[in-house]
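A short worksheet on the structure shown next.
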Amino acid sequence: MDQRTRFMLPFAIIIAVLAVSTASIFIRFAQSDGAPSLVIAALRLGFATVLLAPIALTKHLEEIKRFTLNEIMLGVFSGIFLAVHFATWISSLEYTSVASSVVFVSTGPLWVALLSPLLLKEHLAQTAIIGLGLSLAGGTIIGLSDACVWNAGISCPAFADVLQGRAMWGNFLALLGAWTVTGYLIIGRKLRTRISLIPYIFMVYGMAALVLIALMFITGNSALGYESKTYGWIFLLAALPQLVGHSTYNWALKYLPAALVAVMTLGEPIGSAVLAFFILSESPSPATLLGGVFILAGIYLASQRTGG
């Protein structure tokens, strides 16, 4: 990694976190206009792929033609993982609480850290492991802040409720969302060391779009018939959280261990809280602020030293 890239990385990660943090706001606006979550996800990746196409198929066509069968297969699996991540996490919200869903899907960095030594030969230093633990604790605090109340002490739902009925299915879907984003990041780390950013994300986003569009039709949804402003919100969702946010994470995967990039993604709730304060006039709860402190401290520790 050259000095220029080393200097740019912290700023790039901050931009990525802020860009991805706009997703919840744009999704909320699109949902309020009547667009189903699966349609939003399919159009998000579809728009992103269409926007990338002119650059990918002109400036990077020769590199795309040189893709090996192994690279194509890995890219296809990465796209499938990304599509299933969006589909399962969004669907989980129909069965379980937002709090439970956030807690389970936020375990993604843990799975990346556990699998990276085996699949990527990357080992985290002790400070990075502590940072990972702090960040996961912060994500859990933020997730549970919606479910727990203060009434002469903290009162939270019984753990048994997590393992019952519809909630159990929803929590499993959120956990599946964490597992699939793990696959997406690990494959990204493997491929980004030898494939340029634009060809890689064009292949992955395109595959994810195809899978989500297929799921959209299978579930009886349609991409047509919504208001112009609804498509505007989804276009912004594709342009900022996807093309700026996710693409910057994929850019960073060339230079940073997958586990560290995964930890960085936990900064999203902090960015969302900041944007919600200014755009939606929603004040963050004390628990959100506390969780944010844990996450920021964890990201700082994790970024100090990484093995591999």
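Letters A, B, ... go to the chains of the structure tokens in the order shown; residues in each chain start at 1; ligands are counted from 1 in the same order.
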**OP:** Write out as a ChimeraX atom specification each polymer residue whose atoms come within 12 Å of region 235-243 of chain A, counting only C-alpha atoms; drop sequence neighbours fewer than 4 positions from it.
**Re:** /A:15-30,40-52,82,86,197-198,201-202,204-205,208-209,228-231,247-251,265,268,271-272
Subject >> Option closest in space to Thr193 (chain A), from A:Trp89, A:Tyr255, A:Phe217, A:Phe172 [counting only C-alpha atoms] >> reply: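 Between A:Trp89, A:Tyr255, A:Phe217, A:Phe172, the residue approaching Thr193 (chain A) most closely is A:Tyr255.
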Original post:
In terms of the shortest atom-to-atom distance over only C-alpha atoms, which of A:Pro36, A:Gly245, A:Pro10, A:Pro117 is closest to Ile299 (chain A)?
Top reply: A:Pro10
Original post:
Within 12 Å of Phe67 (chain A), counting only C-alpha atoms, which residues qualify if same-chain residues fewer than 5 places away don't, as a list of chain:residue names?
Top reply: A:His60, A:Leu61, A:Glu62, A:Ile72, A:Met73, A:Leu74, A:Gly75, A:Leu191, A:Arg194, A:Ile195, A:Ser196, A:Pro199, A:Tyr200, A:Met203
Would you put the residues from that selection into a file with N, CA and C atoms, as a PDB file, in the first residue's frame?
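Written output follows (selection_25.pdb):
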ATOM      1  N   HIS A  60     -13.398  -0.629 -19.277  1.00  0.00           N
ATOM      2  CA  HIS A  60     -12.884  -1.841 -18.621  1.00  0.00           C
ATOM      3  C   HIS A  60     -13.279  -3.113 -19.359  1.00  0.00           C
ATOM      4  N   LEU A  61     -13.716  -2.987 -20.598  1.00  0.00           N
ATOM      5  CA  LEU A  61     -14.199  -4.163 -21.334  1.00  0.00           C
ATOM      6  C   LEU A  61     -13.099  -5.208 -21.530  1.00  0.00           C
ATOM      7  N   GLU A  62     -11.882  -4.766 -21.827  1.00  0.00           N
ATOM      8  CA  GLU A  62     -10.792  -5.711 -22.061  1.00  0.00           C
ATOM      9  C   GLU A  62     -10.479  -6.526 -20.809  1.00  0.00           C
ATOM     10  N   ILE A  72     -15.012 -15.572 -12.492  1.00  0.00           N
ATOM     11  CA  ILE A  72     -16.436 -15.382 -12.802  1.00  0.00           C
ATOM     12  C   ILE A  72     -17.305 -16.120 -11.793  1.00  0.00           C
ATOM     13  N   MET A  73     -16.930 -17.365 -11.488  1.00  0.00           N
ATOM     14  CA  MET A  73     -17.720 -18.157 -10.542  1.00  0.00           C
ATOM     15  C   MET A  73     -17.719 -17.522  -9.157  1.00  0.00           C
ATOM     16  N   LEU A  74     -16.561 -17.052  -8.713  1.00  0.00           N
ATOM     17  CA  LEU A  74     -16.493 -16.392  -7.408  1.00  0.00           C
ATOM     18  C   LEU A  74     -17.320 -15.106  -7.415  1.00  0.00           C
ATOM     19  N   GLY A  75     -17.260 -14.335  -8.518  1.00  0.00           N
ATOM     20  CA  GLY A  75     -18.047 -13.116  -8.627  1.00  0.00           C
ATOM     21  C   GLY A  75     -19.537 -13.404  -8.594  1.00  0.00           C
ATOM     22  N   LEU A 191     -10.984 -11.531  -4.427  1.00  0.00           N
ATOM     23  CA  LEU A 191     -10.967 -11.111  -5.823  1.00  0.00           C
ATOM     24  C   LEU A 191     -10.385  -9.720  -6.035  1.00  0.00           C
ATOM     25  N   ARG A 194      -6.857  -8.947  -7.276  1.00  0.00           N
ATOM     26  CA  ARG A 194      -6.429  -9.154  -8.662  1.00  0.00           C
ATOM     27  C   ARG A 194      -7.400  -8.603  -9.707  1.00  0.00           C
ATOM     28  N   ILE A 195      -8.527  -8.047  -9.283  1.00  0.00           N
ATOM     29  CA  ILE A 195      -9.499  -7.468 -10.216  1.00  0.00           C
ATOM     30  C   ILE A 195      -9.731  -6.008  -9.845  1.00  0.00           C
ATOM     31  N   SER A 196      -9.789  -5.147 -10.854  1.00  0.00           N
ATOM     32  CA  SER A 196     -10.062  -3.727 -10.612  1.00  0.00           C
ATOM     33  C   SER A 196     -11.460  -3.531 -10.035  1.00  0.00           C
ATOM     34  N   PRO A 199     -14.831  -3.332 -12.763  1.00  0.00           N
ATOM     35  CA  PRO A 199     -15.248  -4.641 -13.290  1.00  0.00           C
ATOM     36  C   PRO A 199     -15.799  -5.566 -12.211  1.00  0.00           C
ATOM     37  N   TYR A 200     -15.184  -5.517 -11.015  1.00  0.00           N
ATOM     38  CA  TYR A 200     -15.642  -6.394  -9.936  1.00  0.00           C
ATOM     39  C   TYR A 200     -17.058  -6.050  -9.488  1.00  0.00           C
ATOM     40  N   MET A 203     -19.821  -6.835 -12.050  1.00  0.00           N
ATOM     41  CA  MET A 203     -20.176  -8.247 -12.069  1.00  0.00           C
ATOM     42  C   MET A 203     -21.014  -8.629 -10.856  1.00  0.00           C
TER      43      MET A 203
END
Original post:
Using only C-alpha atoms, which residues sit within 10 Å of Ile187 (chain A) once same-chain residues fewer than 3 positions away are excluded, as number ranges by chain?
Top reply: A: 71, 74-75, 77-79, 81, 119-120, 181-184, 190-192, 253, 258
Output C-alpha atoms for every residue in the selection just made, as a PDB file, in the first residue's frame.
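out_2.pdb written:
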ATOM      1  CA  GLU A  71     -13.034 -15.357 -11.111  1.00  0.00           C
ATOM      2  CA  LEU A  74     -16.493 -16.392  -7.408  1.00  0.00           C
ATOM      3  CA  GLY A  75     -18.047 -13.116  -8.627  1.00  0.00           C
ATOM      4  CA  PHE A  77     -21.340 -16.352  -5.743  1.00  0.00           C
ATOM      5  CA  SER A  78     -20.465 -12.932  -4.286  1.00  0.00           C
ATOM      6  CA  GLY A  79     -23.452 -11.423  -6.094  1.00  0.00           C
ATOM      7  CA  PHE A  81     -24.502 -13.676  -1.307  1.00  0.00           C
ATOM      8  CA  LEU A 119     -10.187 -18.947   4.033  1.00  0.00           C
ATOM      9  CA  LEU A 120      -7.890 -15.937   3.611  1.00  0.00           C
ATOM     10  CA  VAL A 181     -22.663 -10.669   3.942  1.00  0.00           C
ATOM     11  CA  THR A 182     -19.719 -12.613   5.364  1.00  0.00           C
ATOM     12  CA  GLY A 183     -19.419 -14.552   2.113  1.00  0.00           C
ATOM     13  CA  TYR A 184     -19.747 -11.327   0.129  1.00  0.00           C
ATOM     14  CA  LYS A 190     -10.041 -12.562  -2.423  1.00  0.00           C
ATOM     15  CA  LEU A 191     -10.967 -11.111  -5.823  1.00  0.00           C
ATOM     16  CA  ARG A 192     -10.136  -7.454  -5.256  1.00  0.00           C
ATOM     17  CA  LEU A 253     -10.970  -4.705   0.475  1.00  0.00           C
ATOM     18  CA  ALA A 258     -11.922  -8.481   5.329  1.00  0.00           C
TER      19      ALA A 258
END
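The coordinates place CA of Ala252 (chain A) at 9.6 Å from CA of Thr5 (chain A).
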Original post:
If you run DSSP on this backbone, which residues of region 53-273 of chain A come out as alpha helix (DSSP H), and could you give them as a VMD selection string?
Top reply: chain A and resid 53 to 56 61 to 65 69 to 92 98 to 105 108 to 119 126 to 144 159 to 162 165 to 192 197 to 218 228 to 237 247 to 252 258 to 264 268 to 273
Subject >> Separation of CA of Phe294 (chain A) from CA of Pro109 (chain A) in Å >> reply: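 Computing it gives 14.8 Å between the two atoms.
Using only C-alpha atoms, the smallest distance between any of A:Ile130, A:Ile80, A:Ala262, A:Ala178 and Leu212 (chain A) comes from A:Ile80.
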Original post:
When distances are computed from only C-alpha atoms, which of A:Ile213, A:Leu38, A:Leu132, A:Ile270 shows the smallest separation from Val112 (chain A)?
Top reply: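 Among A:Ile213, A:Leu38, A:Leu132, A:Ile270, it is A:Leu132 that comes nearest to Val112 (chain A).
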**OP:** Do a neighbour search on Ser106 (chain A) at 8 Å with only C-alpha atoms, toss out local chain neighbours closer than 4 positions, and write the hits as a PyMOL selection string.
**Re:** chain A and resi 102+136+139-140+178+266
I need the residues from that last selection saved to file as a PDB file, in the first residue's frame (with all heavy atoms), if you can.
ATOM      1  N   VAL A 102     -31.433  -6.262  13.991  1.00  0.00           N
ATOM      2  CA  VAL A 102     -30.169  -5.526  13.953  1.00  0.00           C
ATOM      3  C   VAL A 102     -29.087  -6.283  14.721  1.00  0.00           C
ATOM      4  O   VAL A 102     -27.941  -6.378  14.273  1.00  0.00           O
ATOM      5  CB  VAL A 102     -30.346  -4.108  14.531  1.00  0.00           C
ATOM      6  CG1 VAL A 102     -28.989  -3.440  14.767  1.00  0.00           C
ATOM      7  CG2 VAL A 102     -31.182  -3.259  13.594  1.00  0.00           C
ATOM      8  N   LEU A 136     -19.045  -5.082  18.377  1.00  0.00           N
ATOM      9  CA  LEU A 136     -20.211  -5.968  18.461  1.00  0.00           C
ATOM     10  C   LEU A 136     -21.073  -5.622  19.668  1.00  0.00           C
ATOM     11  O   LEU A 136     -22.309  -5.638  19.591  1.00  0.00           O
ATOM     12  CB  LEU A 136     -19.753  -7.424  18.535  1.00  0.00           C
ATOM     13  CG  LEU A 136     -19.176  -8.021  17.244  1.00  0.00           C
ATOM     14  CD1 LEU A 136     -18.585  -9.392  17.517  1.00  0.00           C
ATOM     15  CD2 LEU A 136     -20.248  -8.109  16.169  1.00  0.00           C
ATOM     16  N   GLY A 139     -23.012  -2.528  18.758  1.00  0.00           N
ATOM     17  CA  GLY A 139     -24.123  -2.845  17.867  1.00  0.00           C
ATOM     18  C   GLY A 139     -25.272  -3.505  18.608  1.00  0.00           C
ATOM     19  O   GLY A 139     -26.448  -3.240  18.329  1.00  0.00           O
ATOM     20  N   THR A 140     -24.934  -4.357  19.583  1.00  0.00           N
ATOM     21  CA  THR A 140     -25.969  -5.021  20.382  1.00  0.00           C
ATOM     22  C   THR A 140     -26.721  -4.004  21.246  1.00  0.00           C
ATOM     23  O   THR A 140     -27.955  -4.061  21.360  1.00  0.00           O
ATOM     24  CB  THR A 140     -25.327  -6.092  21.285  1.00  0.00           C
ATOM     25  OG1 THR A 140     -24.651  -7.048  20.467  1.00  0.00           O
ATOM     26  CG2 THR A 140     -26.390  -6.798  22.123  1.00  0.00           C
ATOM     27  N   ALA A 178     -26.449 -12.090   8.038  1.00  0.00           N
ATOM     28  CA  ALA A 178     -25.074 -11.906   8.519  1.00  0.00           C
ATOM     29  C   ALA A 178     -24.126 -12.897   7.859  1.00  0.00           C
ATOM     30  O   ALA A 178     -23.006 -12.551   7.473  1.00  0.00           O
ATOM     31  CB  ALA A 178     -25.031 -12.065  10.038  1.00  0.00           C
ATOM     32  N   LEU A 266     -19.982  -1.501  10.869  1.00  0.00           N
ATOM     33  CA  LEU A 266     -20.801  -1.303  12.062  1.00  0.00           C
ATOM     34  C   LEU A 266     -20.971   0.179  12.405  1.00  0.00           C
ATOM     35  O   LEU A 266     -21.743   0.527  13.296  1.00  0.00           O
ATOM     36  CB  LEU A 266     -20.199  -2.052  13.256  1.00  0.00           C
ATOM     37  CG  LEU A 266     -20.274  -3.586  13.193  1.00  0.00           C
ATOM     38  CD1 LEU A 266     -19.588  -4.194  14.404  1.00  0.00           C
ATOM     39  CD2 LEU A 266     -21.719  -4.053  13.108  1.00  0.00           C
TER      40      LEU A 266
END
Original post:
What are the DSSP strand (DSSP E) residues of region 11-225 of chain A, as JSON, numbers by chain?
Top reply: {"A": [149, 150, 154, 155]}
**OP:** Kindly give the distance, in Å, that separates CA of Gln31 (chain A) and CA of Gly232 (chain A), rounded to a single decimal.
**Re:**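 Those two atoms sit 12.4 Å apart.
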